Structures are given as C-alpha cells and as structure tokens.
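Student: One structure, pasted below without further comment.
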There are 4 protein chains.
Amino acid sequence: MENKIGFVGLGDIGLPMAKNLIDAGYHLQVYNRTASKADMLNAAHITLCPTPADAANGVPVVISMLTDDEVVTQNTTGENGILKKIAKGAIHISMSSISPDAAEHLAKLHADAGSTLIVATVFGRPEAAAAKKLWICTSGDKTAKETVRPILEQLGQSIIDFGEPAGNANVLKIAGNFMIMSSMEIMAEAFTMAEKSGLDRAQVADFFCSTIFNAPIFQNYGKLIANKQYEPVGFKATLGYKDARLALKLSQKTEMPAPVCAVVNNRLLTAIARGHGDHDWVEAFGQGVSTDSGL
Amino acid sequence: MENKIGFVGLGDIGLPMAKNLIDAGYHLQVYNRTASKADMLNAAHITLCPTPADAANGVPVVISMLTDDEVVTQNTTGENGILKKIAKGAIHISMSSISPDAAEHLAKLHADAGSTLIVATVFGRPEAAAAKKLWICTSGDKTAKETVRPILEQLGQSIIDFGEPAGNANVLKIAGNFMIMSSMEIMAEAFTMAEKSGLDRAQVADFFCSTIFNAPIFQNYGKLIANKQYEPVGFKATLGYKDARLALKLSQKTEMPAPVCAVVNNRLLTAIARGHGDHDWVEAFGQGVSTDSGL
Amino acid sequence: MENKIGFVGLGDIGLPMAKNLIDAGYHLQVYNRTASKADMLNAAHITLCPTPADAANGVPVVISMLTDDEVVTQNTTGENGILKKIAKGAIHISMSSISPDAAEHLAKLHADAGSTLIVATVFGRPEAAAAKKLWICTSGDKTAKETVRPILEQLGQSIIDFGEPAGNANVLKIAGNFMIMSSMEIMAEAFTMAEKSGLDRAQVADFFCSTIFNAPIFQNYGKLIANKQYEPVGFKATLGYKDARLALKLSQKTEMPAPVCAVVNNRLLTAIARGHGDHDWVEAFGQGVSTDSGL
Amino acid sequence: MENKIGFVGLGDIGLPMAKNLIDAGYHLQVYNRTASKADMLNAAHITLCPTPADAANGVPVVISMLTDDEVVTQNTTGENGILKKIAKGAIHISMSSISPDAAEHLAKLHADAGSTLIVATVFGRPEAAAAKKLWICTSGDKTAKETVRPILEQLGQSIIDFGEPAGNANVLKIAGNFMIMSSMEIMAEAFTMAEKSGLDRAQVADFFCSTIFNAPIFQNYGKLIANKQYEPVGFKATLGYKDARLALKLSQKTEMPAPVCAVVNNRLLTAIARGHGDHDWVEAFGQGVSTDSGL
C-alpha cells in the first residue's frame, strides 16, 4: 500500500513538488484554493480535498506551501485549517516563505495540539523544483526532521539543517531572498552605468557572470537584466515585495539597520505604485534603474 | 636576446605581474617610487630606473600599474613621466584602476606624441596575480592590443576585449569593483540579520556561498565577513573608497542615479572618518554593519 | 455643577492637558496605569478610577492620550476597556499618536456600540501643552467634533480640522513627526559638515534658525543639535522610532517610496541597537551623524 | 563724484544687486557674458566692459556673482580675468556659490598679486535681492571686510560674519542649500504620504507651514510643492544639482557620511537624466516623489 501524505498549496513551486512526490510513490491528499490546479496531477494518486483540514486528516505528514503569513495562518488555524484534523503525533512541514514569528507561533499551536510543525524552506525557481534541484533548509524538532527526511529527499538536491528553533529556516529564506533582490539591484546599477558609458550591457553581464560572479543567481538574473527581458513573469513584484518587507521587518525586530534593504524595498514599492505589481520582480529592478536614468 | 619592456609600479598586483613577466623571459626596465621593492625581483632580469621616463625609454611596450588618476597622470605627463621618453610607435599599457576620463585624456596625449596608450584592467587578488589567474579586460587601439597580447597572456587566465574607446576597460573595472563592494555590503547585512536572529553566521555564509551564491567573490569575501576576520589587510579601505568614488563620479557623469552606490560610498567614508582607512575594506562593510547593529 | 469628563493617560503631554482641563472647571474621571501620577492633579477635582472602563463610565466625553496602537487598543477594547462602559451617545476623543488604521478600526467599534470616536492629535512639547499652546488637528464625525470643541479649546492655541475620515488627523501627526525627525537629520548633517570644515557649529545653527529656517522646530531642535545637548531626555528614541515606523508603514500602505523616511528609521534603529533607546531622540540624530563622522 | 566699483555677472541675483548698487549711488563697471543683460540697468550709471579684467580695472572693489567653480575661476584667472587688471590693494568680493577650496585657492592668488579676495555668499530668491532682503554671509580678511561693509549693506538685510578663512562663507552657503533641498524632499515625501492617504495636500502644507514649520523656506517652497506648481522656472535643476554636488564633495572632503545628501543628489540627478534639467529644481523633488509613487 502506498504512503499517504497531505499537501496544501499547488503554486509555482508547490505543483512540481507534488508531482515529484507522486513519482516517488506517495499518494497525496491535496487541497488548493483553486481546485482545478490539481488537474495537472495524476488523478490516480491523489485525493482532492475540500479543505486544508481534510488534506491533513489521518496522515502522518502534511506539507503546506503557501503565499504569506496571513494565508498560512488561515490555512492552519482557520475554521477548516490543518489544526482542525491533524492527527496527534503527525508532522506539518511548513515550506512557505513566512516570518519566523509566524512559524514559531504556529509551531507552538501544534505542540499544544500534540502534533509537530517543522519548517523547510526552499531556494530555486520552478524549473529547479521540477528537476528535484531545490536547496532545502530545515529547522524545528529534531526527531520530526529525521522522520520526514525521506520525503524531503524527493524534492531537492540537498537538505541543510539550521537547528531546533522552528523559525530558523525562515530567517534563512528571508536573508537569501534579500541577497537575491540586492544582487538584482546592483547588477541593474552596474549594467546601466556601463550602458550609459557606451558599453554593451550584455557583454558586461556575460563577463561578470562567467568570471568573478559565476553563481546561479547572477547568471540567471544577470541575463534577464542585461537583455531587459522581463517576460514571461516568473515571480511577481508583489510577491517579491512581500519578501522584501519580511526582511525589513526582521531588520527592525532584530535591531539591525540595513540600508540596502531599504533600497530594495523602495524599488519594489515604486514598481507597485506605478501599477507594475503583476510584472516580474526582475523588471522592478532592471526597469526601475533604467527609468531613473532616463532610459 | 631577451625582450625588453618597461614596468612602472610594483604594488600588490604589480609585483607578482612583474615576476611572471620575468619568468616568461622578459627583461624589465623597472621604476617604483620605493625602489627597494625591486629587491624582490630577480636582479639579473631587471634594470632599475630612476624615473618612469627611463623605464619607458627605448622599449616597444611599457606597463603602468599605479594607484589613482593623480599618480598615473603624474607618472605619465610629469617632468619625468613616461611621455618624456616613450618611443614613437611604442605602446603604453595602462593597467591602473582609474577613471575612463583620465585614461582617454592620456590616450590622446600619447596619440599626439606618436605613441599609443591602451587600457588593460584586471580583476583578482594578489594570489591570483601570482598564479597568472587574473581576468584581464582590454580597450583601445586594435592593432596595439594585438601587438601586446602575448605579454598580457603571461599575466592572466583570460583576456576579454571591450572595444576601441580607451576608457571602456576602466568602466568595466569600476562597475566590477562597485559590484564587489556591494556584495560585501549585502552579505554583511544578511549575515548580521541571521546572527541577530540567533543563527550561526558562519553556517549561513557557508550555505549561500556554496549554493546559489557559489561565485569567487561571495566565497572569498563571504568567509571573511562571516568570521569577522579583517586581518591581515589585503586591500585598504582608502583604496576601496577611491574606487567607490570613481563609481559615484561615473554615475554622476553618465546621469544614472545609483542608490546602492551611495550606500557603499557612505560605508567606506564612515570607516575612514573613524580612523580605519588603513584597515581592510572588508572590515568597513563587515564591522560597519555590526557597529550600527550594536554588536 | 461642574462638567465631568473621562481622562485616560497621564503621560508627558496628558498630564499638563489634564491640569488645564481642571483649571477650566472640569471634573476628571482619571485612569493611568501608574496611578500615582494622579497625585500631581488637584484631588478635589478628580475621581481616580481603577480601569479605563470606569473612567469612561457615565460621562459624555472621554479623552485618551496613550502610547501606541497596542496600548490604545488594549485600553479601548480590552476586558476593562473604554468600550465596556462608555455611554450610548458619548464621545471618545483619541489623542494618541497611532496609525490611521487603528483609529478607524476603533471608530467603527464605537459606532457599532452607539458611541463615537473622533481623533484629535497634537503638536507641541510638554511646555506647550502646559501653556495651552498645542496645535490640535481633528478628524471624524462632524457633530461630535462640534460638541467637544469647547473642551479642545482649553488645550491648545488652534484647532484645525481635517475632515470626516477618523484617521486623517493621525495621518497628519505621522507626516508631521516624520518632518520633525527629518529636520533633525538634515540639521545634524549640515552642522557636522560645517563643524568638520572648521566652522563653529553653534554659530551656523544660530544663523539658519534665525533667518531662512526660523521656525519653532528648527529653533528648538537646532539649538540642542548644535550644542550636542542631549539631556535631559524630553522624548525617548524608542518613542521616536515608534513614530518613524508608523511613517514607514504608511508609506508602504499608501504605496509611496520615501527614501528619507528610510534614513530616519535607520538612524533611530541604530540608536536603539546601540542601547540608547532611552536617550532623547535628538541624540539619535545628532550623535548618530557625529559617530559616523568619527567625532 | 560717484564711487566706481566693478561688477561681473548679471544673473538672476546679480542683476537686482547691481540695480541696488546704482540706486545707492555707485557707478558700475559691468561685465556680463551676454552683454545685452546690461540693458536693464540705467545706462547713465554703468560702463559696459568687454572683459572681467576691464571691469576690475582701476576700481577699489570688484564684485563677482557667477555660476560655478569653473566659471568663477575662468573669470578670475583666465586670459581676460579679474586678476589681470585688478589694482594692488583692491578687493574682490566673490559672491558666487562655489566650493571653499576654489575660493581659498583664488584668495591665495589674490594675495600673491597684492590684492584681496573675500567671500560674501547670499541667501534669498531674486525678489529678496531686489528688495535688499538678502542674508549675507562673509568670510576672509578682516580689514577688507570692514572696507566693503557699506557696499554689502546696500544689498541685504543683514551681514553675518564667519571668520577669516576665505572659504567659510562658501561652506555656509553649501550647508544652507543642502538644508533647503532636503526640506523640499521631506515636504514632497510628507505631502505625498498625506495625499495618498486621502487628505488635501494643500491643506496639509498650509497647516505645517503656518505652525511648527513657519519659516520662509517651508512657506515658499511648501506652497509650490503642495500645489505641484513647477512653473515659472526660478532656479534650474541643473544649478540645484551643482549645489548638491558641492555638498556631496564637502561631505567627502570632510569625511562625514551624509545619507540625506545622497538622497537629494539622486533626486536631482534623476530629474536631469529624464531630461528635466532646465525645469525648476522644486519639480525635481515634488514631481520626483510623485512619479515614484505612481501619481
């Protein structure tokens, strides 16, 4: 008999993860706000559930991959939330990009209910999720992390642990997203400086991203920024801004002034104020610098 | 008979470059403000010269690797400058990190004098220079660049050309140094955010620099910032600030507002104002963020 | 028979306001977390209450002057909050510096309960409050504002109305506090620039604050900043930071990037991170710029 | 017989100053690059000169009121510059907004030539100049300042002295212009925050500028920013940017990081990059914030 697990949230990253779990032999109790998204999964191996609570019902493990603090909290503590039906002893793997405070609050509620919430955040674009190439950062109860390790191994190329406090992996995700956004900003500034000096923006990007900055973040986003290629939309500016605000909030909470964090917040907020919240976040940086420069 | 070339400037990068040229069979006419630096070169293969003019005298190629616009200009156009004795038809390879305006001005003076100045800027720390692993960016007269190619090939792992305008390779160097400084700033902000959230700063750095940010810049500087290891001094804050100002000046000249450029300028200026101009530039970023955060 | 009104919050501004109301012939039902503060009021004209609810009990008007969103909400909607005993038809004048969202939320709860919350925010230091020289900005239900006008006239030199939406006067307070903080920052930057150029900081301040910047904000804070006189503590950095965050939150909510708002947030956060949250907010700016400048 | 003085520079401030001097009984030896500007002066009381040198020829005092370091230097040290014909013992009053370094350099050249350069910078719009309401800041040789005092008294409402180093009054002008620009930026941010919160931007400006910010700078510029009234052009963005850069340069030279100075530099540079360098500098701030906010 196949293993059953719950799965809540079939977004850009959640959907390919769900596919990989099915391929690995799991049967998924799936909940998604827009149920039709589940059509993209093999119907033989899923049970479509009307609520998050039902997705969590009777399984040893439920995964959630949702948008933000509010949505995760609603799907967990709401009237039909995961906590309503999660079994005693079961494990909830929270994979959403949320604040460490929210994660820790939810972990406490699970503990009170006799279940366990651990956190597993991921780095990687949808293609990486499809290719099982995500980087997975975990935090939370040690035993629970060991229990779910075989599941996580079906989703990424590496699992790195950051200790017992449940929110630690959320801190890592926030810090990482801040570094990614900031990298886009500095590339946009550098490439525009070169362009306005008469150089070929794309050649400059090629050089840096194949030598001293030859890391995936610079290679992937650098090409888009160099070519001013802002479509198709991979990750909306509004979602990027959510993450930028999480970083700003964390800098406030931990009392550490972060001037570049202020810059990237303003960059994304400008894009949203101009009505480009649904455009790709790369555009917020690339086009933002260009617009300020009269290009 | 061995080939003779002129060499002006035995600094942290210039000295290992000179050694490599000697190893490759060149005889160097060397000038350095502090003559004793030449003691570190094989005396059989150098002629120590009392002035830059003498270093340039009678050779087909002279290389200069100096500090800033003022020093390069002084060594080139001054009373005992390169232009005083450079032969007609000879080539001056300017490898210093200076403004494109200064480079273009000097290129014009060379043209007027019947010689040619081309630019070859480099990326890499002293160890990279010693190992012939520099990345070399060239710009300027095409024929001259072809002529000196065999020389440059003794200095780096790759030569990338950025066109005829002499200052282009200077733009690249400035843009690159801006990206390097900015990377230090965002790492300092991200690692401090993690540290003040209770995570192990070094583990966070390890994770990012071995995954989505696995580029030399992040690996080398990331380790120093993570470990708050600011000694020995590899590159002084004052020199970093010179480069930051070049970037700011270029952003002014090309009319492109660059908010992160303002942040890194302020960071280095703060270090200098506090009397830490002789400390490593990594400290300006790493310790700067820590100090503002009460650490 | 004298008029009775409720009064919640005997802080630096609340206390002198309460005195003025007593002087004007009102009898106050007073609540303060630290009850002993009421010792500074004429006992014959107050009734000390054990809870905010009791202060609001049976009176046509209750005034609250408290710290922040959380405290105001707790004192209004909590177990012993104003809403528990406020009479139908009575008016709650919210004078605290809180977010417009919080004010509007509370206004709605009052309307549901058959009472009315209006907002009256004030500008002025404690001395101004004592001298009935506060500037009072009002917003909310028109009839209620007319009803309480005689009361507000006992507290300030002028009452300016900003319309029906309850939160408008809160927006004004936030915008004004942002302008005040920013003025401190720019004075600190300008005076330090002059000082480090060899001029007498105090003479520079005197000149500007008696000519083109001869407004109270510049005169009062300018003198403190020029003289680096940061004691006694008039308004704590932590309270200033609360207001800076309200401004930042409002800029986020209204989608308007505000780079100087980011600067003043960082300045106050730096002071707090360094353990100076209990120092005067003027120090955060004055000393903050000095410290960054190596003074 | 009437007193003769030299006068170089009939710009927006220079022209009304020249008129006032004529009204006070002086005969002016006038030079202006565009000679026709002198048509606006009473021909009976001027001698139009073909060069700055001629304007300075044979008079005890020559005033210059020009654009920037380069123009002042050219008009003073150039082939037909003031120094060519200024009499021994004569006094040059430099009233232009230039860097203290340039002023001190020129003061030294005058001393070498047996004449004296002192600095007298002014605050005030053209209307203030016409009404003799300028604020005049002086620095330089004490005796020379006493000698020219009767002349300066014809130009402004008050003369404030800042000591012997010639450049001191330039520092004051730079610091003051920085404060003016920053005030525009913070008003633009505050008013836009209020506008996007649903308040009447003009009413908000009226309130602040008639109460706690009731200084000329806030009243004059506040009205323009509140009403988004950016014409006619009083002071071009390019000229404002020149002053912003002087402030930035001074912050670099004196080693004092100034984050708001960076903000106003970027604001003006953005306006210029967008092709609005010839628009009023108020627009750079007012419209700059509006554009970033999607208005």
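Residue numbers start at 1 in each chain; chains themselves are named A, B, ... in the order of the structure tokens; ligands are numbered from 1 in the order shown.
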Counting only C-alpha atoms, which residues of chain A sit at most 12 Å from some atom of chain C, and what is each one's closest atom pair with its distance in Å to one decimal, listed by chain and rising residue number, as JSON lines?
Tutor:
```
{"residue": "A:Thr238", "atom": "CA", "partner": "C:Glu255", "partner_atom": "CA", "distance": 11.6}
{"residue": "A:Tyr241", "atom": "CA", "partner": "C:Gln252", "partner_atom": "CA", "distance": 10.1}
{"residue": "A:Lys242", "atom": "CA", "partner": "C:Gln252", "partner_atom": "CA", "distance": 10.9}
{"residue": "A:Ala244", "atom": "CA", "partner": "C:Gln252", "partner_atom": "CA", "distance": 11.4}
{"residue": "A:Arg245", "atom": "CA", "partner": "C:Gln252", "partner_atom": "CA", "distance": 9.1}
{"residue": "A:Leu248", "atom": "CA", "partner": "C:Ala262", "partner_atom": "CA", "distance": 10.4}
{"residue": "A:Lys249", "atom": "CA", "partner": "C:Arg245", "partner_atom": "CA", "distance": 10.2}
{"residue": "A:Ser251", "atom": "CA", "partner": "C:Leu269", "partner_atom": "CA", "distance": 9.1}
{"residue": "A:Gln252", "atom": "CA", "partner": "C:Leu269", "partner_atom": "CA", "distance": 7.2}
{"residue": "A:Lys253", "atom": "CA", "partner": "C:Leu269", "partner_atom": "CA", "distance": 9.7}
{"residue": "A:Thr254", "atom": "CA", "partner": "C:Ala273", "partner_atom": "CA", "distance": 8.4}
{"residue": "A:Glu255", "atom": "CA", "partner": "C:Ala273", "partner_atom": "CA", "distance": 5.2}
{"residue": "A:Met256", "atom": "CA", "partner": "C:Ala273", "partner_atom": "CA", "distance": 6.6}
{"residue": "A:Pro257", "atom": "CA", "partner": "C:Asn266", "partner_atom": "CA", "distance": 5.2}
{"residue": "A:Ala258", "atom": "CA", "partner": "C:Asn266", "partner_atom": "CA", "distance": 7.3}
{"residue": "A:Pro259", "atom": "CA", "partner": "C:Asn266", "partner_atom": "CA", "distance": 7.3}
{"residue": "A:Val260", "atom": "CA", "partner": "C:Ala262", "partner_atom": "CA", "distance": 10.2}
{"residue": "A:Cys261", "atom": "CA", "partner": "C:Ala262", "partner_atom": "CA", "distance": 9.6}
{"residue": "A:Ala262", "atom": "CA", "partner": "C:Ala262", "partner_atom": "CA", "distance": 6.1}
{"residue": "A:Val263", "atom": "CA", "partner": "C:Pro259", "partner_atom": "CA", "distance": 7.8}
{"residue": "A:Val264", "atom": "CA", "partner": "C:Pro257", "partner_atom": "CA", "distance": 10.5}
{"residue": "A:Asn265", "atom": "CA", "partner": "C:Pro257", "partner_atom": "CA", "distance": 8.3}
{"residue": "A:Asn266", "atom": "CA", "partner": "C:Pro257", "partner_atom": "CA", "distance": 5.2}
{"residue": "A:Arg267", "atom": "CA", "partner": "C:Pro257", "partner_atom": "CA", "distance": 7.9}
{"residue": "A:Leu268", "atom": "CA", "partner": "C:Pro257", "partner_atom": "CA", "distance": 9.0}
{"residue": "A:Leu269", "atom": "CA", "partner": "C:Glu255", "partner_atom": "CA", "distance": 6.1}
{"residue": "A:Thr270", "atom": "CA", "partner": "C:Pro257", "partner_atom": "CA", "distance": 6.1}
{"residue": "A:Ala271", "atom": "CA", "partner": "C:Glu255", "partner_atom": "CA", "distance": 9.4}
{"residue": "A:Ile272", "atom": "CA", "partner": "C:Glu255", "partner_atom": "CA", "distance": 7.1}
{"residue": "A:Ala273", "atom": "CA", "partner": "C:Glu255", "partner_atom": "CA", "distance": 5.2}
{"residue": "A:Arg274", "atom": "CA", "partner": "C:Glu255", "partner_atom": "CA", "distance": 9.0}
{"residue": "A:Gly275", "atom": "CA", "partner": "C:Glu255", "partner_atom": "CA", "distance": 10.1}
{"residue": "A:His276", "atom": "CA", "partner": "C:Glu255", "partner_atom": "CA", "distance": 11.9}
{"residue": "A:Gly277", "atom": "CA", "partner": "C:Glu255", "partner_atom": "CA", "distance": 10.9}
```
Student: Could you pull out the residues in region 60-259 of chain C that DSSP calls alpha helix (DSSP H) from the backbone, as a ChimeraX atom specification?
Tutor: /C:69-77,82-85,100-113,126-130,142-152,168-196,201-210,216-226,237-253,259
Student: Pull the strand (DSSP E) assignments for region 81-230 of chain B out of DSSP run on the backbone, and list those residues as a PyMOL selection string.
Tutor: chain B and resi 91-94+116-123+134-139+156-161
Student: What's around Val204 (chain B) at 10 Å? Count only C-alpha atoms, leave out sequence neighbours fewer than 5 positions away in its own chain, and write the answer as number ranges by chain.
Tutor: A: 162, 171-172, 175-176; B: 190-191, 194-195, 199, 209, 222, 226
Student: Go ahead and save the residues from that selection, with all heavy atoms, as a compact mmCIF listing (two decimals), in the first residue's frame.
Tutor:
```
# COMPACT_ATOMS: atom_id res chain seq x y z
N PHE A 162 19.29 23.88 10.10
CA PHE A 162 19.67 25.08 10.84
C PHE A 162 19.17 25.10 12.28
O PHE A 162 18.89 26.15 12.84
CB PHE A 162 19.24 26.33 10.05
CG PHE A 162 20.07 26.55 8.82
CD1 PHE A 162 19.69 25.97 7.61
CD2 PHE A 162 21.24 27.26 8.88
CE1 PHE A 162 20.49 26.14 6.48
CE2 PHE A 162 22.04 27.44 7.76
CZ PHE A 162 21.66 26.87 6.55
N VAL A 171 14.25 32.48 8.65
CA VAL A 171 15.26 33.55 8.65
C VAL A 171 16.18 33.37 7.44
O VAL A 171 16.48 34.33 6.71
CB VAL A 171 16.10 33.52 9.94
CG1 VAL A 171 17.30 34.45 9.82
CG2 VAL A 171 15.25 33.89 11.14
N LEU A 172 16.59 32.15 7.21
CA LEU A 172 17.47 31.88 6.10
C LEU A 172 16.84 32.23 4.76
O LEU A 172 17.48 32.80 3.88
CB LEU A 172 17.86 30.40 6.10
CG LEU A 172 19.27 30.24 5.58
CD1 LEU A 172 20.24 30.50 6.70
CD2 LEU A 172 19.46 28.94 4.91
N ALA A 175 16.75 36.05 4.52
CA ALA A 175 18.08 36.59 4.25
C ALA A 175 18.50 36.28 2.82
O ALA A 175 19.08 37.13 2.12
CB ALA A 175 19.10 36.01 5.24
N GLY A 176 18.20 35.09 2.36
CA GLY A 176 18.56 34.71 1.00
C GLY A 176 17.80 35.51 -0.05
O GLY A 176 18.38 35.98 -1.03
N ALA B 190 22.95 40.66 5.43
CA ALA B 190 22.24 39.38 5.54
C ALA B 190 22.78 38.54 6.69
O ALA B 190 22.02 37.95 7.46
CB ALA B 190 22.36 38.61 4.22
N PHE B 191 24.10 38.47 6.82
CA PHE B 191 24.68 37.63 7.87
C PHE B 191 24.37 38.21 9.26
O PHE B 191 24.16 37.47 10.22
CB PHE B 191 26.20 37.50 7.70
CG PHE B 191 26.62 36.87 6.39
CD1 PHE B 191 27.95 36.91 5.98
CD2 PHE B 191 25.69 36.24 5.55
CE1 PHE B 191 28.36 36.33 4.78
CE2 PHE B 191 26.10 35.67 4.35
CZ PHE B 191 27.42 35.72 3.97
N ALA B 194 20.88 37.38 10.20
CA ALA B 194 20.81 35.99 10.65
C ALA B 194 21.39 35.86 12.05
O ALA B 194 20.80 35.22 12.93
CB ALA B 194 21.54 35.08 9.66
N GLU B 195 22.55 36.49 12.25
CA GLU B 195 23.21 36.41 13.56
C GLU B 195 22.30 36.95 14.67
O GLU B 195 22.14 36.34 15.72
CB GLU B 195 24.52 37.21 13.53
CG GLU B 195 25.27 37.23 14.86
CD GLU B 195 26.49 38.16 14.81
OE1 GLU B 195 26.71 38.80 13.76
OE2 GLU B 195 27.21 38.24 15.83
N LEU B 199 20.97 32.71 14.54
CA LEU B 199 21.62 31.68 13.74
C LEU B 199 23.14 31.85 13.77
O LEU B 199 23.66 32.87 14.18
CB LEU B 199 21.15 31.75 12.28
CG LEU B 199 19.78 31.10 12.02
CD1 LEU B 199 18.65 31.96 12.50
CD2 LEU B 199 19.61 30.75 10.55
N CYS B 209 27.15 30.57 0.07
CA CYS B 209 28.31 30.67 -0.81
C CYS B 209 28.68 29.33 -1.44
O CYS B 209 29.57 29.27 -2.30
CB CYS B 209 29.49 31.27 -0.05
SG CYS B 209 29.11 32.94 0.54
N GLY B 222 32.85 36.35 1.55
CA GLY B 222 31.82 35.83 2.45
C GLY B 222 32.43 35.19 3.68
O GLY B 222 31.95 35.37 4.80
N ALA B 226 31.80 36.52 7.34
CA ALA B 226 31.13 35.61 8.27
C ALA B 226 31.95 35.43 9.54
O ALA B 226 31.42 35.42 10.65
CB ALA B 226 30.89 34.26 7.59
```
Student: List the neighbours of Leu109 (chain C) out to 12 Å using only C-alpha atoms; skip same-chain residues closer than 4 positions along the sequence, and give me the result as a list in words.
Tutor: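 Here the answer would be Thr73, Thr76, Thr77, Ile82, Leu83, Lys84, Ile86, His92, Ala102, Ala103, Glu104, His105, Ala113, Gly114, Ser115, Thr116, Leu117 and Ile118 of chain C.
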Student: Okay, now the selection with N, CA, C and O atoms, as a short mmCIF file (atom, residue, chain, number, x, y, z; two decimals), in the first residue's frame?
Tutor:
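Output saved as out_3.cif:
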```cif
data_model
loop_
_atom_site.label_atom_id
_atom_site.label_comp_id
_atom_site.auth_asym_id
_atom_site.auth_seq_id
_atom_site.Cartn_x
_atom_site.Cartn_y
_atom_site.Cartn_z
N THR C 73 -5.45 50.25 21.84
CA THR C 73 -6.42 49.19 21.57
C THR C 73 -6.77 48.45 22.85
O THR C 73 -7.95 48.19 23.15
N THR C 76 -8.97 50.41 25.04
CA THR C 76 -10.30 50.69 24.47
C THR C 76 -11.15 49.43 24.36
O THR C 76 -12.32 49.42 24.73
N THR C 77 -10.51 48.35 23.84
CA THR C 77 -11.31 47.16 23.55
C THR C 77 -11.07 46.04 24.55
O THR C 77 -11.73 45.00 24.49
N ILE C 82 -12.42 51.12 27.59
CA ILE C 82 -13.39 52.20 27.50
C ILE C 82 -14.73 51.74 26.94
O ILE C 82 -15.81 52.12 27.43
N LEU C 83 -14.65 50.89 25.91
CA LEU C 83 -15.89 50.45 25.26
C LEU C 83 -16.81 49.67 26.20
O LEU C 83 -18.02 49.55 25.95
N LYS C 84 -16.23 49.14 27.27
CA LYS C 84 -17.05 48.34 28.19
C LYS C 84 -18.10 49.19 28.90
O LYS C 84 -19.19 48.72 29.22
N ILE C 86 -18.57 52.89 28.17
CA ILE C 86 -18.89 54.18 27.58
C ILE C 86 -20.39 54.24 27.28
O ILE C 86 -20.99 53.26 26.82
N HIS C 92 -15.61 59.60 22.44
CA HIS C 92 -14.24 59.27 22.85
C HIS C 92 -13.30 60.09 21.95
O HIS C 92 -13.31 59.93 20.72
N ALA C 102 -5.61 51.88 12.88
CA ALA C 102 -6.07 51.56 14.23
C ALA C 102 -7.20 52.50 14.63
O ALA C 102 -8.22 52.07 15.20
N ALA C 103 -7.04 53.78 14.33
CA ALA C 103 -8.07 54.75 14.70
C ALA C 103 -9.39 54.43 13.99
O ALA C 103 -10.47 54.48 14.61
N GLU C 104 -9.29 54.08 12.74
CA GLU C 104 -10.53 53.81 12.00
C GLU C 104 -11.21 52.53 12.47
O GLU C 104 -12.43 52.43 12.51
N HIS C 105 -10.38 51.58 12.83
CA HIS C 105 -10.93 50.34 13.38
C HIS C 105 -11.68 50.63 14.68
O HIS C 105 -12.82 50.17 14.89
N ALA C 113 -21.17 50.32 18.82
CA ALA C 113 -21.62 50.35 20.21
C ALA C 113 -22.52 51.55 20.52
O ALA C 113 -22.93 51.74 21.66
N GLY C 114 -22.76 52.38 19.50
CA GLY C 114 -23.65 53.52 19.72
C GLY C 114 -22.94 54.76 20.25
O GLY C 114 -23.59 55.75 20.61
N SER C 115 -21.64 54.71 20.32
CA SER C 115 -20.88 55.90 20.74
C SER C 115 -20.06 56.39 19.54
O SER C 115 -20.17 55.84 18.43
N THR C 116 -19.24 57.41 19.75
CA THR C 116 -18.48 57.97 18.63
C THR C 116 -17.03 58.20 19.03
O THR C 116 -16.77 58.77 20.09
N LEU C 117 -16.12 57.72 18.19
CA LEU C 117 -14.71 58.06 18.41
C LEU C 117 -14.28 59.09 17.37
O LEU C 117 -14.49 58.89 16.16
N ILE C 118 -13.74 60.20 17.84
CA ILE C 118 -13.11 61.15 16.93
C ILE C 118 -11.64 61.23 17.30
O ILE C 118 -11.24 60.77 18.37
#
```
Student: What is the distance between CA of Ile98 (chain D) and CA of Ile212 (chain C), in Å to one decimal?
Tutor: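 CA of Ile212 (chain C) lies 20.0 Å from CA of Ile98 (chain D).
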Student: Just how far from CA of Gly234 (chain D) is CA of Val8 (chain D), in Å to one decimal?
Tutor: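 These atoms are spaced 20.9 Å apart.
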Student: For a test of reading the model, state the distance in Å between CA of Ala237 (chain A) and CA of His279 (chain A), rounded to one decimal.
Tutor: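 Atom-to-atom, CA of Ala237 (chain A) and CA of His279 (chain A) are spaced 5.9 Å apart.
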